Structures are given as C-alpha cells and as structure tokens.
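*Asks:* Just coords_36.cif, nothing more (mmCIF, C-alpha atoms and all ligand atoms):
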data_coords
loop_
_atom_site.label_atom_id
_atom_site.label_comp_id
_atom_site.auth_asym_id
_atom_site.auth_seq_id
_atom_site.Cartn_x
_atom_site.Cartn_y
_atom_site.Cartn_z
CA MET A 1 -38.94 -1.32 -8.76
CA PRO A 2 -35.72 -2.73 -10.31
CA ALA A 3 -32.82 -3.16 -7.86
CA LYS A 4 -30.31 -0.29 -7.75
CA LYS A 5 -27.28 -1.04 -9.89
CA ILE A 6 -23.89 -0.56 -8.20
CA ILE A 7 -20.63 -0.95 -10.11
CA ILE A 8 -17.38 -1.45 -8.18
CA VAL A 9 -14.18 -0.84 -10.14
CA GLY A 10 -11.44 -3.00 -8.60
CA GLY A 11 -11.93 -6.17 -6.57
CA GLY A 12 -8.92 -5.74 -4.28
CA ASN A 13 -8.96 -5.10 -0.54
CA ALA A 14 -11.33 -2.12 -0.86
CA GLY A 15 -13.65 -3.44 -3.57
CA LEU A 16 -14.38 -6.79 -1.95
CA SER A 17 -14.80 -5.22 1.52
CA VAL A 18 -17.35 -2.72 0.21
CA ALA A 19 -19.23 -5.30 -1.89
CA SER A 20 -19.53 -7.67 1.08
CA GLN A 21 -20.64 -4.93 3.47
CA LEU A 22 -23.24 -3.60 1.02
CA LEU A 23 -24.75 -7.05 0.54
CA ARG A 24 -24.87 -7.61 4.30
CA LYS A 25 -26.99 -4.44 4.56
CA ASP A 26 -29.22 -5.18 1.55
CA LYS A 27 -29.22 -8.50 -0.31
CA SER A 28 -31.41 -7.11 -3.08
CA LEU A 29 -28.71 -4.74 -4.41
CA ASP A 30 -27.49 -5.43 -7.93
CA ILE A 31 -23.68 -5.31 -7.53
CA SER A 32 -21.06 -5.94 -10.21
CA ILE A 33 -17.35 -5.97 -9.47
CA ILE A 34 -15.17 -5.25 -12.49
CA ASP A 35 -11.61 -6.57 -12.14
CA PRO A 36 -9.40 -8.28 -14.74
CA SER A 37 -7.20 -10.17 -12.26
CA GLU A 38 -7.79 -13.87 -11.62
CA ASN A 39 -5.68 -13.56 -8.47
CA HIS A 40 -6.19 -11.67 -5.25
CA TYR A 41 -3.08 -10.74 -3.27
CA TYR A 42 -2.54 -10.13 0.44
CA GLN A 43 0.17 -7.52 -0.11
CA PRO A 44 0.90 -6.63 3.56
CA ALA A 45 2.65 -10.02 3.96
CA TRP A 46 5.19 -9.28 1.22
CA THR A 47 7.45 -7.54 3.77
CA LEU A 48 7.45 -10.78 5.78
CA VAL A 49 8.17 -12.76 2.60
CA GLY A 50 11.19 -10.53 1.96
CA ALA A 51 12.33 -11.23 5.52
CA GLY A 52 12.03 -15.00 5.09
CA VAL A 53 9.20 -15.56 7.58
CA PHE A 54 6.13 -15.94 5.30
CA ASP A 55 5.45 -18.19 2.31
CA ILE A 56 4.76 -16.13 -0.84
CA ASN A 57 2.24 -18.77 -2.00
CA LYS A 58 0.11 -18.00 1.05
CA THR A 59 -0.31 -14.39 -0.13
CA VAL A 60 -2.29 -15.25 -3.27
CA ARG A 61 -5.72 -16.82 -3.72
CA ALA A 62 -8.25 -17.09 -6.54
CA GLU A 63 -10.33 -13.91 -6.90
CA ALA A 64 -13.34 -16.06 -7.82
CA ASP A 65 -13.37 -17.60 -4.32
CA TYR A 66 -13.75 -14.18 -2.67
CA ILE A 67 -16.42 -12.54 -4.81
CA PRO A 68 -19.28 -12.31 -2.30
CA HIS A 69 -22.44 -14.36 -2.95
CA GLY A 70 -24.96 -12.11 -4.63
CA ALA A 71 -22.38 -10.02 -6.51
CA ALA A 72 -21.39 -10.54 -10.15
CA TRP A 73 -17.77 -10.53 -11.29
CA ILE A 74 -17.04 -8.96 -14.66
CA ARG A 75 -13.55 -10.06 -15.65
CA ASP A 76 -12.54 -6.99 -17.62
CA ALA A 77 -10.55 -3.79 -17.08
CA VAL A 78 -12.24 -0.40 -16.95
CA GLU A 79 -10.65 2.04 -19.39
CA LYS A 80 -12.96 5.03 -19.33
CA PHE A 81 -15.35 6.80 -16.98
CA LEU A 82 -18.37 8.70 -18.34
CA PRO A 83 -19.76 10.09 -15.07
CA GLU A 84 -22.13 12.53 -16.81
CA GLU A 85 -23.86 9.49 -18.37
CA ASN A 86 -23.38 7.14 -15.34
CA LYS A 87 -21.38 4.71 -17.46
CA VAL A 88 -18.02 2.96 -17.50
CA VAL A 89 -16.36 1.58 -20.62
CA CYS A 90 -14.18 -1.54 -20.46
CA LYS A 91 -11.19 -2.74 -22.46
CA THR A 92 -13.40 -5.20 -24.38
CA GLY A 93 -15.61 -2.28 -25.44
CA ASP A 94 -18.44 -3.35 -23.14
CA VAL A 95 -20.27 -0.46 -21.48
CA TYR A 96 -21.97 -0.67 -18.09
CA GLN A 97 -24.55 1.70 -16.63
CA TYR A 98 -24.86 2.34 -12.89
CA ASP A 99 -26.94 4.12 -10.28
CA ALA A 100 -23.87 4.38 -8.03
CA LEU A 101 -20.18 3.80 -8.69
CA VAL A 102 -17.37 2.80 -6.29
CA VAL A 103 -13.86 3.43 -7.60
CA CYS A 104 -11.02 1.42 -6.03
CA PRO A 105 -8.47 0.09 -8.56
CA GLY A 106 -5.50 0.69 -6.23
CA ILE A 107 -2.30 2.59 -7.03
CA GLN A 108 0.07 2.33 -9.99
CA LEU A 109 3.74 1.39 -9.58
CA ASP A 110 5.71 3.74 -11.87
CA TRP A 111 8.86 1.59 -12.25
CA GLN A 112 9.90 3.50 -15.38
CA LYS A 113 10.33 6.73 -13.41
CA ILE A 114 13.62 5.33 -12.09
CA LYS A 115 15.88 4.70 -15.08
CA GLY A 116 17.12 1.11 -15.36
CA PHE A 117 15.04 -0.14 -12.40
CA LYS A 118 12.59 -2.41 -14.24
CA GLU A 119 15.37 -3.93 -16.36
CA THR A 120 17.44 -4.94 -13.34
CA LEU A 121 14.62 -5.81 -10.93
CA GLY A 122 14.98 -9.31 -9.50
CA LYS A 123 18.62 -9.64 -10.54
CA ASN A 124 22.00 -7.95 -10.02
CA SER A 125 21.18 -7.73 -6.27
CA VAL A 126 18.30 -5.29 -6.91
CA THR A 127 14.99 -6.19 -5.31
CA CYS A 128 11.61 -4.83 -4.24
CA ASN A 129 8.96 -6.18 -1.89
CA TYR A 130 6.25 -4.35 -3.87
CA SER A 131 6.28 -7.14 -6.45
CA PHE A 132 4.80 -10.60 -5.83
CA ASP A 133 7.37 -12.09 -8.21
CA VAL A 134 10.38 -10.38 -6.68
CA ALA A 135 9.66 -10.28 -2.90
CA PRO A 136 11.20 -13.78 -2.38
CA TYR A 137 14.43 -12.49 -3.99
CA THR A 138 14.73 -9.93 -1.16
CA TRP A 139 15.16 -12.82 1.27
CA GLU A 140 17.76 -14.45 -1.01
CA LEU A 141 19.77 -11.23 -0.89
CA ILE A 142 19.43 -10.67 2.86
CA LYS A 143 20.26 -14.29 3.69
CA ASN A 144 23.33 -14.40 1.44
CA PHE A 145 24.68 -10.96 2.31
CA LYS A 146 28.22 -11.14 3.63
CA GLY A 147 28.72 -7.46 4.43
CA GLY A 148 29.27 -4.37 2.28
CA THR A 149 26.87 -1.58 1.34
CA ALA A 150 23.12 -2.17 1.51
CA VAL A 151 20.94 0.60 0.10
CA PHE A 152 17.21 0.92 0.81
CA THR A 153 15.21 3.55 -1.07
CA ASN A 154 11.88 5.31 -0.63
CA PRO A 155 10.52 7.45 -3.50
CA VAL A 156 9.28 11.04 -3.48
CA GLY A 157 5.48 11.18 -3.09
CA PRO A 158 2.82 8.90 -1.64
CA VAL A 159 3.25 5.12 -1.66
CA LYS A 160 1.05 2.30 -0.45
CA CYS A 161 2.13 1.42 3.09
CA GLY A 162 4.57 4.23 3.79
CA GLY A 163 6.40 1.96 6.24
CA ALA A 164 7.19 -0.81 3.74
CA PRO A 165 10.32 0.84 2.24
CA HIS A 166 11.99 0.95 5.69
CA LYS A 167 10.39 -1.99 7.55
CA ILE A 168 12.50 -4.45 5.56
CA MET A 169 15.65 -2.50 6.42
CA TYR A 170 15.15 -3.00 10.19
CA LEU A 171 14.58 -6.73 9.70
CA ALA A 172 17.66 -7.03 7.46
CA CYS A 173 19.81 -5.28 10.07
CA ASP A 174 18.48 -7.55 12.81
CA TYR A 175 19.23 -10.63 10.70
CA TRP A 176 22.76 -9.41 9.97
CA ARG A 177 23.31 -8.65 13.67
CA LYS A 178 22.29 -12.21 14.56
CA GLN A 179 24.71 -13.49 11.89
CA GLY A 180 27.45 -11.39 13.52
CA ILE A 181 28.08 -9.30 10.39
CA LEU A 182 26.21 -6.05 11.07
CA ASP A 183 29.49 -4.27 11.85
CA LYS A 184 30.65 -5.19 8.32
CA CYS A 185 27.52 -3.63 6.77
CA LYS A 186 27.12 -0.02 5.68
CA VAL A 187 23.37 0.56 5.54
CA HIS A 188 21.94 3.65 3.82
CA PHE A 189 18.32 4.78 3.60
CA LEU A 190 17.73 7.11 0.62
CA SER A 191 14.32 8.64 1.23
CA GLY A 192 12.21 11.12 -0.70
CA ALA A 193 10.45 12.04 2.54
CA GLY A 194 11.67 14.71 4.94
CA VAL A 195 11.40 12.60 8.09
CA ILE A 196 11.39 8.91 8.99
CA PHE A 197 7.70 8.93 10.02
CA ASP A 198 5.12 11.72 10.09
CA VAL A 199 3.84 11.00 13.60
CA LYS A 200 6.48 12.23 16.03
CA GLU A 201 5.72 9.73 18.81
CA TYR A 202 6.40 6.76 16.50
CA ALA A 203 9.25 8.56 14.73
CA ALA A 204 11.12 8.75 18.04
CA THR A 205 11.17 4.94 18.32
CA LEU A 206 12.35 4.55 14.72
CA THR A 207 15.09 7.15 15.15
CA GLU A 208 16.43 5.07 18.03
CA ILE A 209 16.31 1.87 15.92
CA ILE A 210 18.17 3.66 13.10
CA LYS A 211 20.85 4.76 15.56
CA ASN A 212 21.21 1.32 17.14
CA ASN A 213 21.63 -0.28 13.71
CA ASN A 214 24.09 2.39 12.57
CA ILE A 215 21.88 3.16 9.54
CA GLN A 216 22.68 6.36 7.67
CA PRO A 217 19.46 8.11 6.64
CA HIS A 218 19.41 10.62 3.76
CA PHE A 219 16.17 12.62 3.56
CA THR A 220 14.52 14.56 0.69
CA VAL A 221 16.58 12.76 -1.91
CA ASN A 222 15.24 11.66 -5.28
CA VAL A 223 16.47 8.35 -6.68
CA THR A 224 16.70 8.74 -10.47
CA GLU A 225 18.55 5.70 -11.78
CA ILE A 226 19.65 2.20 -10.79
CA ASP A 227 22.47 0.57 -12.72
CA GLY A 228 22.27 -3.06 -11.63
CA VAL A 229 25.27 -4.27 -13.62
CA GLY A 230 27.39 -1.38 -12.37
CA LYS A 231 25.90 -1.81 -8.86
CA THR A 232 25.28 1.93 -8.56
CA VAL A 233 22.29 3.99 -7.53
CA TYR A 234 22.07 7.59 -8.73
CA TYR A 235 20.12 10.22 -6.83
CA GLU A 236 19.63 13.95 -6.36
CA GLU A 237 20.34 15.44 -2.96
CA LYS A 238 19.92 19.09 -2.08
CA ASP A 239 22.91 20.99 -0.69
CA ALA A 240 22.69 23.56 2.10
CA ALA A 241 21.55 26.22 -0.41
CA GLY A 242 18.73 23.93 -1.63
CA ILE A 243 20.41 23.19 -4.96
CA ALA A 244 19.95 19.59 -6.16
CA MET A 245 23.28 17.80 -6.63
CA ARG A 246 23.56 14.56 -8.62
CA LYS A 247 25.19 11.88 -6.49
CA GLU A 248 25.90 8.19 -6.77
CA MET A 249 26.36 5.32 -4.37
CA LYS A 250 27.83 1.88 -5.02
CA PHE A 251 25.90 -1.00 -3.46
CA ASP A 252 26.20 -4.70 -2.79
CA MET A 253 22.46 -5.04 -2.41
CA CYS A 254 19.62 -2.61 -3.06
CA HIS A 255 15.96 -2.75 -2.01
CA ALA A 256 14.29 0.01 -4.04
CA VAL A 257 10.68 1.19 -4.16
CA PRO A 258 9.19 2.80 -7.29
CA PRO A 259 7.36 6.14 -7.33
CA GLN A 260 3.58 5.66 -7.34
CA SER A 261 0.54 7.48 -8.72
CA ALA A 262 -3.09 6.95 -9.71
CA PRO A 263 -3.57 4.33 -12.44
CA ASP A 264 -3.35 6.08 -15.85
CA PHE A 265 -7.02 5.45 -16.70
CA ILE A 266 -7.93 7.42 -13.54
CA LYS A 267 -5.46 10.23 -14.27
CA ASN A 268 -6.94 10.67 -17.75
CA SER A 269 -10.53 10.69 -16.54
CA PRO A 270 -12.99 13.32 -15.27
CA LEU A 271 -12.80 11.67 -11.82
CA SER A 272 -9.19 12.72 -11.28
CA ASP A 273 -8.37 15.71 -9.08
CA PRO A 274 -6.93 18.28 -11.54
CA ASN A 275 -4.87 19.83 -8.74
CA ASN A 276 -3.33 16.59 -7.53
CA PRO A 277 0.11 15.95 -9.06
CA PHE A 278 -0.42 12.19 -8.80
CA GLY A 279 -3.86 12.24 -10.46
CA PHE A 280 -5.77 10.61 -7.59
CA VAL A 281 -9.59 10.50 -7.52
CA GLU A 282 -11.04 13.70 -6.09
CA VAL A 283 -13.11 12.91 -2.99
CA ASN A 284 -14.40 14.69 0.06
CA LYS A 285 -11.86 13.40 2.58
CA ALA A 286 -14.53 12.85 5.27
CA THR A 287 -17.43 11.35 3.29
CA MET A 288 -15.36 9.68 0.50
CA GLN A 289 -17.96 10.98 -1.96
CA HIS A 290 -16.65 12.38 -5.24
CA SER A 291 -16.42 16.17 -5.05
CA ARG A 292 -18.27 16.69 -8.35
CA PHE A 293 -20.32 13.51 -8.99
CA ALA A 294 -22.66 12.72 -6.09
CA ASN A 295 -23.27 9.06 -7.01
CA VAL A 296 -19.54 8.28 -7.23
CA PHE A 297 -17.44 7.18 -4.24
CA ALA A 298 -13.79 6.16 -4.03
CA LEU A 299 -11.63 4.55 -1.37
CA GLY A 300 -8.36 2.75 -0.87
CA ASP A 301 -5.07 3.62 -2.51
CA CYS A 302 -6.56 5.56 -5.46
CA THR A 303 -7.99 8.62 -3.69
CA ASN A 304 -6.64 12.09 -2.98
CA ALA A 305 -7.72 11.84 0.70
CA PRO A 306 -4.53 12.72 2.58
CA ALA A 307 -4.54 9.54 4.65
CA LYS A 308 -1.71 7.01 4.58
CA LYS A 309 -2.56 4.37 1.96
CA THR A 310 -3.06 1.09 3.82
CA GLY A 311 -5.47 -1.77 4.21
CA ALA A 312 -5.98 -0.53 7.76
CA ALA A 313 -7.31 2.77 6.36
CA ILE A 314 -9.71 0.83 4.12
CA ARG A 315 -11.17 -0.93 7.17
CA LYS A 316 -12.38 2.48 8.38
CA GLN A 317 -13.23 3.92 4.94
CA ALA A 318 -15.39 1.00 3.75
CA PRO A 319 -18.25 1.41 6.28
CA VAL A 320 -18.31 5.17 5.54
CA VAL A 321 -18.62 4.52 1.79
CA VAL A 322 -21.32 1.90 2.37
CA THR A 323 -23.45 4.14 4.61
CA ASN A 324 -23.10 7.21 2.40
CA LEU A 325 -23.67 5.35 -0.88
CA LEU A 326 -26.90 3.81 0.47
CA ALA A 327 -27.92 7.30 1.64
CA VAL A 328 -27.41 8.70 -1.88
CA LEU A 329 -29.49 5.87 -3.39
CA ALA A 330 -32.26 6.67 -0.89
CA ASN A 331 -32.03 10.44 -1.56
CA GLN A 332 -30.82 11.03 1.97
CA PRO A 333 -27.92 13.29 3.06
CA VAL A 334 -24.47 11.71 3.44
CA ILE A 335 -23.51 11.83 7.10
CA ALA A 336 -20.91 9.13 7.81
CA GLN A 337 -17.39 10.51 8.19
CA TYR A 338 -13.89 9.07 7.98
CA ASP A 339 -11.28 10.68 10.29
CA GLY A 340 -8.19 9.69 8.31
CA TYR A 341 -7.38 6.67 10.48
CA SER A 342 -4.53 4.57 9.17
CA ALA A 343 -2.12 2.10 10.72
CA CYS A 344 1.36 0.95 9.92
CA PRO A 345 2.67 -2.18 11.63
CA ILE A 346 6.45 -1.70 11.69
CA PRO A 347 8.61 -4.69 12.62
CA THR A 348 11.69 -3.31 14.33
CA GLN A 349 13.40 -6.70 14.66
CA TYR A 350 12.39 -10.37 14.28
CA GLY A 351 9.74 -10.98 16.97
CA LYS A 352 9.04 -7.29 17.75
CA LEU A 353 6.73 -4.80 16.10
CA MET A 354 5.47 -1.26 16.70
CA LEU A 355 1.84 -0.82 15.66
CA ALA A 356 1.63 2.85 14.61
CA GLU A 357 -2.00 4.04 14.45
CA PHE A 358 -2.96 7.65 13.74
CA ASP A 359 -5.44 9.94 11.94
CA TYR A 360 -5.43 12.88 9.49
CA SER A 361 -3.92 15.17 12.13
CA ASN A 362 -1.04 12.71 12.74
CA THR A 363 -2.31 12.19 16.28
CA PRO A 364 -1.73 8.68 17.65
CA LYS A 365 -5.00 6.65 17.79
CA MET A 366 -3.96 3.65 19.83
CA THR A 367 -6.38 0.70 19.91
CA PHE A 368 -4.68 -1.32 22.64
CA PRO A 369 -4.55 -0.48 26.35
CA PHE A 370 -0.74 -0.11 26.33
CA ASP A 371 1.77 2.32 24.91
CA GLN A 372 2.11 1.33 21.24
CA VAL A 373 5.28 3.34 20.62
CA LYS A 374 7.09 0.43 22.26
CA PRO A 375 7.77 -2.51 19.90
CA ARG A 376 6.24 -5.70 21.27
CA TRP A 377 6.09 -9.45 20.60
CA THR A 378 2.26 -9.43 20.82
CA MET A 379 2.10 -6.95 17.92
CA TRP A 380 4.46 -9.17 15.89
CA ILE A 381 2.01 -12.06 16.40
CA LEU A 382 -0.83 -9.74 15.34
CA LYS A 383 0.96 -8.96 12.08
CA THR A 384 2.33 -12.40 11.24
CA LYS A 385 -0.59 -14.60 12.33
CA ILE A 386 -3.79 -12.75 13.24
CA LEU A 387 -4.06 -10.07 10.53
CA PRO A 388 -3.56 -12.48 7.57
CA TRP A 389 -6.32 -14.71 9.00
CA LEU A 390 -8.60 -11.73 9.63
CA TYR A 391 -8.05 -10.48 6.07
CA TRP A 392 -9.13 -13.64 4.27
CA ASN A 393 -11.85 -14.70 6.73
CA LYS A 394 -13.40 -11.48 8.02
CA ILE A 395 -12.28 -8.29 6.26
CA LEU A 396 -12.98 -9.45 2.69
CA LYS A 397 -16.26 -10.95 3.88
CA GLY A 398 -17.40 -7.66 5.36
CA THR A 399 -17.51 -8.75 8.99
CA ALA A 400 -14.44 -6.94 10.33
C1 LIG B 501 4.97 -4.40 0.40
C2 LIG B 501 3.65 -3.92 0.92
C3 LIG B 501 3.42 -3.91 2.29
C4 LIG B 501 2.21 -3.46 2.79
N1 LIG B 501 2.02 -3.52 4.14
C5 LIG B 501 0.81 -3.15 4.65
C6 LIG B 501 0.55 -3.30 6.04
O1 LIG B 501 1.39 -3.78 6.81
N2 LIG B 501 -0.66 -2.91 6.52
C7 LIG B 501 -1.63 -2.39 5.69
O2 LIG B 501 -2.72 -2.07 6.16
N3 LIG B 501 -1.40 -2.23 4.36
C8 LIG B 501 -0.21 -2.60 3.82
N4 LIG B 501 0.01 -2.48 2.48
C9 LIG B 501 -0.95 -1.71 1.66
C10 LIG B 501 -2.19 -2.48 1.22
O3 LIG B 501 -1.83 -3.70 0.60
C11 LIG B 501 -2.97 -1.58 0.26
O4 LIG B 501 -3.21 -0.33 0.88
C12 LIG B 501 -4.32 -2.19 -0.14
O5 LIG B 501 -4.12 -3.43 -0.79
C13 LIG B 501 -5.07 -1.23 -1.05
O6 LIG B 501 -6.29 -1.79 -1.43
P1 LIG B 501 -7.03 -1.32 -2.77
O7 LIG B 501 -8.27 -2.11 -2.83
O8 LIG B 501 -7.09 0.16 -2.82
O9 LIG B 501 -6.04 -1.78 -3.93
P2 LIG B 501 -5.58 -3.27 -4.28
O10 LIG B 501 -5.77 -4.17 -3.10
O11 LIG B 501 -4.21 -3.13 -4.84
O12 LIG B 501 -6.60 -3.73 -5.39
C14 LIG B 501 -6.79 -3.05 -6.60
C15 LIG B 501 -7.60 -3.95 -7.53
O13 LIG B 501 -7.99 -3.18 -8.68
C16 LIG B 501 -7.85 -4.00 -9.83
N5 LIG B 501 -7.69 -3.13 -11.01
C17 LIG B 501 -6.59 -2.48 -11.42
N6 LIG B 501 -6.84 -1.84 -12.58
C18 LIG B 501 -8.14 -2.06 -12.87
C19 LIG B 501 -8.99 -1.66 -13.96
N7 LIG B 501 -8.54 -0.92 -14.97
N8 LIG B 501 -10.29 -2.07 -13.94
C20 LIG B 501 -10.76 -2.84 -12.93
N9 LIG B 501 -9.99 -3.25 -11.90
C21 LIG B 501 -8.71 -2.87 -11.88
C22 LIG B 501 -6.62 -4.85 -9.52
O14 LIG B 501 -6.60 -6.02 -10.32
C23 LIG B 501 -6.80 -5.14 -8.04
O15 LIG B 501 -7.53 -6.34 -7.83
C24 LIG B 501 1.20 -2.97 1.93
C25 LIG B 501 1.42 -2.99 0.54
C26 LIG B 501 2.62 -3.46 0.04
C27 LIG B 501 2.83 -3.51 -1.46
#
Any chance you could put this one into structure tokens?
*Replies:*
Amino acid sequence: MPAKKIIIVGGGNAGLSVASQLLRKDKSLDISIIDPSENHYYQPAWTLVGAGVFDINKTVRAEADYIPHGAAWIRDAVEKFLPEENKVVCKTGDVYQYDALVVCPGIQLDWQKIKGFKETLGKNSVTCNYSFDVAPYTWELIKNFKGGTAVFTNPVGPVKCGGAPHKIMYLACDYWRKQGILDKCKVHFLSGAGVIFDVKEYAATLTEIIKNNNIQPHFTVNVTEIDGVGKTVYYEEKDAAGIAMRKEMKFDMCHAVPPQSAPDFIKNSPLSDPNNPFGFVEVNKATMQHSRFANVFALGDCTNAPAKKTGAAIRKQAPVVVTNLLAVLANQPVIAQYDGYSACPIPTQYGKLMLAEFDYSNTPKMTFPFDQVKPRWTMWILKTKILPWLYWNKILKGTA
C-alpha cells in the first residue's frame, strides 16, 4: 500500500513540531511541508531583543536545517484550499493532493489597519517588537530615552502572545528607573482589551507593577492612526455613555502593535470559520480537527480555538493533532483532547519574570511547585536561556 500523504501548510513553530512528532511515530509517512520562507524565526525572543538582552541574529536560522529527516520541503506558498478534492494550490500553480492536511501558516499582521503605521515604522521613534527588522530599534529608543511621554499600544482583537504588547513596557520602565529618569517619564498603555490580563490571579500582579511604575492604562481603546512626523497617536475611547470619542496623544516614543487576523488566503477559503470576524480556521477546540472536513487539522496562531496564541499552546496542541490525524488515517475515532493550555512568560523587570500558565477556563495551570503569580529570577532564566535552547533543540525536533 502506498504511504499516506500528509501535507503541512506552514513550517513555523507548529508545522515543524507536528512533522517531527509524526515521523517519530511512523517513519513511513509521506510528509511534505509547504513554506516559502528560507528563514525560521524564534519570535518569543523579540521582546528580549527590544529590551537589549538578546541578539536578534540568534533568533533566525535556516529553515532547511530544521526540516525533519524524512519530510520534504516544498518552497512555495499555498494560495488556495480545495478540501472537497483533498488538494491545495500553490502560488506557482502547482497542485498537491493529500490524504490528510495540517494547516498552520500563523497569523497575519494587519499594519495597514492603523493609518500611517507602516510608513513610520522603524523611524520617527515608532517601533514594534513584532517585526524582526524593527525589534532592535525598540532598544535604541529605550536606551536613548531622556524622559517625556512613552506610549505602548495593544490592538483590539486577538494577537500572538497577548503579553508582548505590555511586557516591553515593564522592561522599559525598569530600565528608566535604573537610569534615574522614570519620574521624568509619562507612560501610557493604550489597550484594545478590557483588562490587563484575562486570568485574575496574574492580573493582580501586573496591576501592582503598573501602579509601581506609575503607568496610566487606558482600556477598550482603538488606535486608528500614528503620525510619526507629528509624533501623535490617534485613538477612539468610549465615554461614560459608551460613545466613541476621537482622541490624540503626543509621544516621544511609541511601541505599537498592529491588529492581527488569519492570513488572507485562509480568510478567503472554505476552511475559514464564517462566524469568526478574524477569519480563523474553524476547528473543534478540543480535537483540533476541522469542523467540516474530517481529514483537515489546524493548530497554532491560525485557528479559531479560543486559546491564547503562543508557542506554549502549540506544545500542547501538536501531540493532540498528531494522535488524532493518525487516528483519522487509520479510520479510528479521534480521542485526544486539548484543554486550551497556554502560557505567557511576562518579565516584570530585568531579572524577574512571572510565568502565567492557564487553560480555556482562565484557570491557572501552574507547572512548578511554587506560586507562579510571584515574579522570579528562575523564571527569567527559563525565558532567556532555557526556552530558546529547548525550542531549537527539542521542540522543533518533536522531543519536547
Ligand atoms: C514579539 C513576540 C513575542 C512572543 N512571545 C512569546 C512567548 O514569550 N511565548 C510563547 O509561547 N509565544 C510567544 N510568541 C508567539 C509565538 O511566536 C507564536 O505563537 C508561534 O510562533 C506561532 O507558531 P505558528 O507555527 O502558528 O506560526 P509561525 O511560527 O509564525 O509560522 C508560520 C509559518 O507559515 C509560513 N507561511 C505563511 N504563509 C504561508 C503560505 N501561504 N503557505 C505556506 N506557508 C506559509 C510562514 O513562512 C511561517 O514559516 C511571541 C510572538 C511575538 C511576535
């Protein structure tokens, strides 16, 4: 019998983890990973790059070196899904047939949804750690800041690593405190969310950090425009009656984060959830199987599963996808279940970090035998040293 053909769309954190784990279970599988990028990025370190404690060049490696032995790499971009015919169509026009499909091309950064943002990004004191090219500029701005107004923004809607828009703010404040200038800084957090963190136990710690740093949070605001030359951010904020008011704030530095959604080729495909405003892939949130196409699975940042979009979540989703996909190929029922686990390592100052772990119900799911709401040095070492090593050497190789 010919080997079962599995296509994986996206060779990022999720795609390589799943490919490696599948091959560890069954070497005879015929696996192709479709991804146009010659580089693979370790994005979680970009916050540390922005804070001046991690070399940007250590966050990128050649994709070719991480394609697992036994899998083929097709260097192309998928443009179309034909799930009724079990086919994908690529940008080059090539068409590939599969027995099972894994969809994981990540999330799309919608820079254009904030007017002027893309044009001023990386200059005029406007930065963003969500870009490999621009994250080092964040550190330039923090290091050279002499006081004034620093604005940090967080968009409306889901983003990858929900903590990243505010993690960098705590590190900046700590740096400015150590430089003796924090009392000359007015720090504002303009957030599209309603609270600082969805899990109340961890939110309590962050609320304290915000207070101690004299940060002014503004919740449920929508940043609409950044004028880099005029050093002004424009946003909508609701008044007491719930009416959106257009407001503006002058800044001396601004770390902004773009709104995010499913990549356009997902949004415009039959795999997208028609009821999801961001167009994410429609999956059963426990089994990660597509709700309408039984031989299609999705994981990582592209799905409509209401988990926080992190690499930590992928660590728990990947084995579920692997078990259930092999079950489908063997005509067995899908039984493995994902509980919504995600984790957000939040540095609260240089040398201290709170490892927030939780599930779909926003209940803390602490791994370590101590109270993780308290920021600790050991967790900082986990984030800065251990996790990057684990990522390249274990997670992408399917052994962690
Ligand atoms: C600043 C920042 C800080 C973060 N901090 C943390 C953290 O502390 N902890 C944590 O766990 N997570 C963190 N994350 C989130 C984490 O990086 C993502 O959740 C994770 O990378 C998602 O993996 P993925 O495989 O879904 O997508 P990605 O890793 O983004 O990979 C997607 C892949 O799909 C490919 N692709 C795109 N379009 C196509 C196409 N048309 N056809 C084929 N392939 C395509 C891309 O080239 C890419 O290789 C952070 C992210 C950022 C940006």
*Asks:* How would you write, as a PyMOL selection string, the set of residues no farther than 8 Å from ligand LIG 501 (chain B) when counting all atoms listed in the file?
*Replies:* chain A and resi 9-16+34-37+39-47+76-79+90+104-107+129-131+160-161+163-165+263+265+299-302+309-314+342-346+383
*Asks:* For Tyr98 (chain A), which residue out of A:Gly70, A:Asp30, A:Lys211, A:Thr127 is the nearest one, using only C-alpha atoms?
*Replies:*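 The closest residue to Tyr98 (chain A) is A:Asp30.
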*Asks:* Please determine an axis-aligned box that encloses all atoms of region 280-291 of chain A listed in the file, with 4 Å added on each side, and express its centre and edge lengths in Å to one decimal as JSON.
*Replies:*
{"center_x": -11.9, "center_y": 12.9, "center_z": -1.2, "size_x": 20.2, "size_y": 14.5, "size_z": 20.9}
*Asks:* A:Met249, A:Ala64, A:Leu101, A:Leu353: which is nearest Lys87 (chain A), counting all atoms listed in the file?
*Replies:*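 Closest to Lys87 (chain A) of all the choices is A:Leu101.
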*Asks:* Would you please work out which residue, of A:Val159, A:Ala193, A:Ala336, A:Ile181, is nearest to Lys143 (chain A) when using all atoms listed in the file?
*Replies:*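 Among A:Val159, A:Ala193, A:Ala336, A:Ile181, it is A:Ile181 that comes nearest to Lys143 (chain A).
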*Asks:* Provide the CA of Phe145 (chain A) to CA of Cys173 (chain A) distance in Å, to one decimal place.
*Replies:*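 Spanning CA of Phe145 (chain A) to CA of Cys173 (chain A) is a straight-line distance of 10.8 Å.
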*Asks:* Interatomic distance between CA of Thr287 (chain A) and CA of Ala307 (chain A)?
*Replies:* 13.1 Å
*Asks:* Have a look at CA of Thr348 (chain A) and CA of Ser191 (chain A) and let me know their distance in Å, one decimal.
*Replies:*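 Atom-to-atom, CA of Thr348 (chain A) and CA of Ser191 (chain A) are spaced 17.9 Å apart.
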*Asks:* Kindly indicate which residue among A:Ile114, A:Met379, A:Ala327, A:Ala256 lies nearest to Glu225 (chain A), using only C-alpha atoms for the distances.
*Replies:*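 Between A:Ile114, A:Met379, A:Ala327, A:Ala256, the residue approaching Glu225 (chain A) most closely is A:Ile114.
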*Asks:* Just checking: using only C-alpha atoms, which residue out of A:Leu355, A:Leu190, A:Ile209, A:Val88 ends up closest to Ile8 (chain A)?
*Replies:*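 Distance minimum relative to Ile8 (chain A) lands on A:Val88.
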*Asks:* Could you check which of A:Phe297, A:Phe278, A:Trp377, A:Trp111 is closest to Gly157 (chain A), using only C-alpha atoms?
*Replies:* A:Phe278
